[in-house]
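Contents: one structure, followed by commentary.
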Amino acid sequence: MTGRCAHACLSMISKTLSLKAGNPFLTFKEIRELVGNTHTPASGLNFNEAKSVIKGMDCSPQSYDYSIKDPSYSPYEPEEIIYQYIESQIPVYVGLRLEDGGHSIVVIGHTFDSNAWWPEASGGYYKHKKSLYFKSPIFTDFIIQDDNFGPYLTIPRGFFSRENVSKIIVPLSEPLSLLAEEVEDYIVFNYLTNPNFLKQMKIHKTHWTDSYLHHFSEHKLLLRTLLIERDEFINSIKNNSGAKDIKTFHTNSSLFPAITSNIPKFWLIEISIPEFFTHKHYRVGEVIINPYEKNWLKSILSIHLPNVLFAKNPEGGLEEYLIKDDVPYEIVRSPRV
């Protein structure tokens, strides 16, 4: 049976999830039957029909509607949404606006930019709007699947603007109480810029804290947010070449109870600076958040900044630990590892 671009995209997503996580694979015929449209030639799918097919894959569709013109309805840019879920290894369904209608594609990855000049020059020589941090690490292109032009094509990251994107659907394996775009902003504005946290870093001052604070003051921190399985995170820490105290903390259930809890996944926000990330794919700290906890204060499991770590104690507060000999170390899923 035949289908349109939406059918092709959903079938590609279904195939990816079936291979990766064992979700049911839906054929074109099954997709059409799910939405009650078995006529030939097939008609396109609307937003709600596409979401119903995602549910048929045993997924929870997280959707973003950019056809609504009010920016407060979708305060985050499409590029930000797509990037954070792609880093979480989740394929993203994107509806595009075209001159003569619409089209659907699947975003499956992105390139890494090893350019050593642009990360610094973009802020030094060219005047951009200042922000507290860069929303995402340095990359130039997204990798997409397009049923009209072929697989594994690249598209410039700037293409995914409100002008070009009408809809986004993320096939989450289960509903989450906290979403990627929300946790980044919350951590930045409530913790990374918190004077008390910065004060503690200055007390335990070293070369790396100086470097962090310098980049913070210059608005040059990089944040990389991804949803990660608890076991993958723990294994990445065990196999990392970073500070021994970090390994000890994150693999000790008495210090970090989350490793033996029933929390299957974490939001991991890796913190880096341009030269470390670009050259070595290193980070200088990270924040770990429980994505299933609705209460923001209760959701934070640990915050690691250079030479200092704050972790949830049994009373629900954040307890401070000094990290000796703290050094930058590999990001999760580094291309170099």
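By order of appearance in the structure tokens: chains A, B, ..., then residues from 1 within every chain, and ligands from 1 in the order shown.
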Q.
For Thr209 of chain A, find every residue with an atom within 10 Å (counting only C-alpha atoms), except residues of its own chain fewer than 3 positions away, and show them as a PyMOL selection string.
A. chain A and resi 198+201-206+212-215+284+305-308+326-327
I need the residues from that last selection saved to file as a CSV table (one decimal), in the first residue's frame (with N, CA and C atoms), if you can.
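Written out: selection-v3.csv:
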```
chain,number,residue,atom,x,y,z
A,198,LEU,N,28.2,30.3,43.1
A,198,LEU,CA,29.4,30.9,42.6
A,198,LEU,C,30.4,31.2,43.8
A,201,MET,N,32.3,28.1,44.7
A,201,MET,CA,33.4,27.8,43.8
A,201,MET,C,34.6,28.7,44.0
A,202,LYS,N,34.4,29.9,44.4
A,202,LYS,CA,35.5,30.8,44.6
A,202,LYS,C,36.3,30.5,45.9
A,203,ILE,N,35.6,29.9,46.8
A,203,ILE,CA,36.2,29.4,48.1
A,203,ILE,C,37.2,28.3,47.7
A,204,HIS,N,36.8,27.4,46.9
A,204,HIS,CA,37.7,26.2,46.5
A,204,HIS,C,38.4,26.5,45.2
A,205,LYS,N,38.9,27.7,45.0
A,205,LYS,CA,39.4,28.2,43.7
A,205,LYS,C,40.6,27.4,43.2
A,206,THR,N,40.6,27.0,42.0
A,206,THR,CA,41.7,26.4,41.3
A,206,THR,C,41.7,26.9,39.8
A,212,TYR,N,36.3,28.3,34.4
A,212,TYR,CA,34.8,28.3,34.4
A,212,TYR,C,34.2,29.7,34.7
A,213,LEU,N,34.7,30.3,35.7
A,213,LEU,CA,34.1,31.7,36.0
A,213,LEU,C,34.4,32.7,35.0
A,214,HIS,N,35.5,32.6,34.3
A,214,HIS,CA,35.8,33.5,33.2
A,214,HIS,C,34.9,33.3,32.1
A,215,HIS,N,34.6,32.1,31.7
A,215,HIS,CA,33.7,31.8,30.6
A,215,HIS,C,32.3,32.1,31.0
A,284,VAL,N,33.2,20.1,32.0
A,284,VAL,CA,33.8,20.5,33.3
A,284,VAL,C,32.8,20.3,34.4
A,305,LEU,N,30.0,21.3,39.6
A,305,LEU,CA,30.8,22.4,39.0
A,305,LEU,C,32.2,22.2,39.4
A,306,PRO,N,33.2,22.8,38.7
A,306,PRO,CA,34.6,22.6,39.0
A,306,PRO,C,34.9,22.6,40.5
A,307,ASN,N,35.4,21.5,41.0
A,307,ASN,CA,35.9,21.4,42.4
A,307,ASN,C,34.8,21.3,43.5
A,308,VAL,N,33.6,21.4,43.1
A,308,VAL,CA,32.5,21.4,44.1
A,308,VAL,C,31.3,20.6,43.5
A,326,ASP,N,39.9,17.9,40.6
A,326,ASP,CA,38.9,17.9,39.6
A,326,ASP,C,39.5,18.4,38.3
A,327,VAL,N,39.2,17.6,37.2
A,327,VAL,CA,39.7,17.9,35.9
A,327,VAL,C,38.6,17.7,34.9
```
Q: Mind listing the alpha helix (DSSP H) residues of segment 207-322 of chain A, per DSSP on the backbone, as number ranges by chain?
A: A: 207-217, 230-238, 244-250, 274-280, 296-299
Q: Tell me which protein, DNA and RNA residues are within 10 Å of Tyr292 of chain A, counting only C-alpha atoms, leaving out same-chain ones fewer than 5 positions away, and put them as an NGL selection string.
A: :A and (174-179 or 263-267 or 299)
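Neighbouring residues of segment 89-102 of chain A at 9 Å or closer, counting only C-alpha atoms and skipping chain neighbours under 4 positions away, are A:Ala6, A:Cys9, A:Leu10, A:Met12, A:Ile13, A:Thr16, A:Leu17, A:Phe47, A:Ile82, A:Tyr85, A:Val106, A:Val107, A:Ile108, A:Gly109, A:Phe160, A:Glu163, A:Asn164, A:Val165, A:Ser166, A:Lys167, A:Ile168, A:Ile169, A:Val170, A:Pro171, A:Leu172, A:Leu226, A:Leu227, A:Ile228.
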Can you write out the residues you just picked, keeping C-alpha atoms, as a short mmCIF file (atom, residue, chain, number, x, y, z; two decimals), in the first residue's frame?
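Result went into result.cif, see below:
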```cif
data_model
loop_
_atom_site.label_atom_id
_atom_site.label_comp_id
_atom_site.auth_asym_id
_atom_site.auth_seq_id
_atom_site.Cartn_x
_atom_site.Cartn_y
_atom_site.Cartn_z
CA ALA A 6 3.93 11.61 6.84
CA CYS A 9 8.36 9.52 8.31
CA LEU A 10 6.31 7.60 10.84
CA MET A 12 11.07 5.37 9.60
CA ILE A 13 10.57 6.40 13.23
CA THR A 16 14.24 3.00 14.40
CA LEU A 17 12.43 2.50 17.69
CA PHE A 47 -1.19 16.64 13.37
CA ILE A 82 14.96 19.24 18.01
CA TYR A 85 15.92 15.21 21.77
CA VAL A 106 12.57 12.99 10.28
CA VAL A 107 15.60 14.43 12.06
CA ILE A 108 17.89 11.64 13.23
CA GLY A 109 21.20 13.27 14.21
CA PHE A 160 14.56 25.07 11.75
CA GLU A 163 9.05 30.53 9.78
CA ASN A 164 9.91 27.09 8.39
CA VAL A 165 8.59 24.69 11.05
CA SER A 166 4.89 24.12 11.68
CA LYS A 167 4.86 21.03 13.92
CA ILE A 168 7.22 18.86 15.98
CA ILE A 169 6.43 15.47 17.51
CA VAL A 170 8.87 13.68 19.81
CA PRO A 171 8.15 9.95 20.38
CA LEU A 172 9.03 9.60 24.07
CA LEU A 226 20.21 14.69 27.00
CA LEU A 227 17.94 12.01 28.39
CA ILE A 228 20.05 9.05 29.42
#
```
Q. Given the choices A:Leu301, A:Trp208, A:Leu318, A:Asn262, which gets closest to Gly285 of chain A if the distance is worked out from only C-alpha atoms?
A. A:Trp208
Q.
Show me, as a ChimeraX atom specification, the residues that have an atom within 12 Å of Ser74 of chain A when counting only C-alpha atoms, minus same-chain residues fewer than 2 positions from it.
A. /A:63-72,76-78,80-81,162,165-168,181-182
Residues from the last selection, C-alpha atoms, saved as a PDB file, in the first residue's frame:
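Dumped to out01.pdb:
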```pdb
ATOM      1  CA  SER A  63       4.174  17.732  20.525  1.00  0.00           C
ATOM      2  CA  TYR A  64       4.929  21.357  19.714  1.00  0.00           C
ATOM      3  CA  ASP A  65       2.603  23.385  17.484  1.00  0.00           C
ATOM      4  CA  TYR A  66       4.305  26.319  15.757  1.00  0.00           C
ATOM      5  CA  SER A  67       1.288  27.041  13.582  1.00  0.00           C
ATOM      6  CA  ILE A  68      -0.022  29.016  16.552  1.00  0.00           C
ATOM      7  CA  LYS A  69       1.442  32.475  16.066  1.00  0.00           C
ATOM      8  CA  ASP A  70       1.579  33.463  19.753  1.00  0.00           C
ATOM      9  CA  PRO A  71       5.260  32.968  20.798  1.00  0.00           C
ATOM     10  CA  SER A  72       4.205  32.464  24.428  1.00  0.00           C
ATOM     11  CA  TYR A  76      11.317  27.685  22.720  1.00  0.00           C
ATOM     12  CA  GLU A  77      12.752  27.786  19.233  1.00  0.00           C
ATOM     13  CA  PRO A  78      12.242  24.671  17.062  1.00  0.00           C
ATOM     14  CA  GLU A  80      16.404  23.975  20.498  1.00  0.00           C
ATOM     15  CA  ILE A  81      13.631  21.393  20.847  1.00  0.00           C
ATOM     16  CA  ARG A 162       9.454  29.395  13.382  1.00  0.00           C
ATOM     17  CA  VAL A 165       8.588  24.692  11.049  1.00  0.00           C
ATOM     18  CA  SER A 166       4.885  24.119  11.680  1.00  0.00           C
ATOM     19  CA  LYS A 167       4.863  21.034  13.923  1.00  0.00           C
ATOM     20  CA  ILE A 168       7.220  18.865  15.979  1.00  0.00           C
ATOM     21  CA  GLU A 181      13.934  22.746  27.323  1.00  0.00           C
ATOM     22  CA  GLU A 182      12.442  23.414  30.771  1.00  0.00           C
TER      23      GLU A 182
END
```
Q: Find the residue from A:Arg230, A:Lys199, A:Lys55, A:Arg32 that sits nearest to Ile259 of chain A; use only C-alpha atoms when measuring.
A: A:Arg230
Q.
Ranking A:Ser60, A:Ser211, A:Thr193, A:Ser173 by minimum distance to Ser88 of chain A and counting only C-alpha atoms, which one comes first?
A. A:Ser173
Q) Which residues come within 8 Å of Ile155 of chain A, counting only C-alpha atoms, excluding same-chain residues fewer than 2 positions away, as a list in words? A) Asp141, Phe142, Ile143, Ile144, Leu153, Arg157 and Phe159 of chain A
Selected residues, C-alpha atoms, written as a PDB file, in the first residue's frame, please.
```pdb
ATOM      1  CA  ASP A 141      24.038  20.649  10.490  1.00  0.00           C
ATOM      2  CA  PHE A 142      21.210  18.328  11.378  1.00  0.00           C
ATOM      3  CA  ILE A 143      20.979  14.938   9.665  1.00  0.00           C
ATOM      4  CA  ILE A 144      17.565  14.155   8.202  1.00  0.00           C
ATOM      5  CA  LEU A 153      21.024  14.323   4.196  1.00  0.00           C
ATOM      6  CA  ARG A 157      20.776  24.128  11.911  1.00  0.00           C
ATOM      7  CA  PHE A 159      16.785  26.265   8.899  1.00  0.00           C
TER       8      PHE A 159
END
```
Q. Which one is closest to Leu34 of chain A: A:Arg4, A:Lys20, A:Lys51, A:His110? Count only C-alpha atoms.
A.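 Of A:Arg4, A:Lys20, A:Lys51, A:His110, the one nearest Leu34 of chain A is A:Lys51, counting only C-alpha atoms.
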(Q) Let me make sure I understand: among A:Glu270, A:Glu79, A:Glu320, A:Glu87, which one has the smallest atom-to-atom distance to Asn196 of chain A if we use only C-alpha atoms? (A)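 Of A:Glu270, A:Glu79, A:Glu320, A:Glu87, the one nearest Asn196 of chain A, counting only C-alpha atoms, is A:Glu320.
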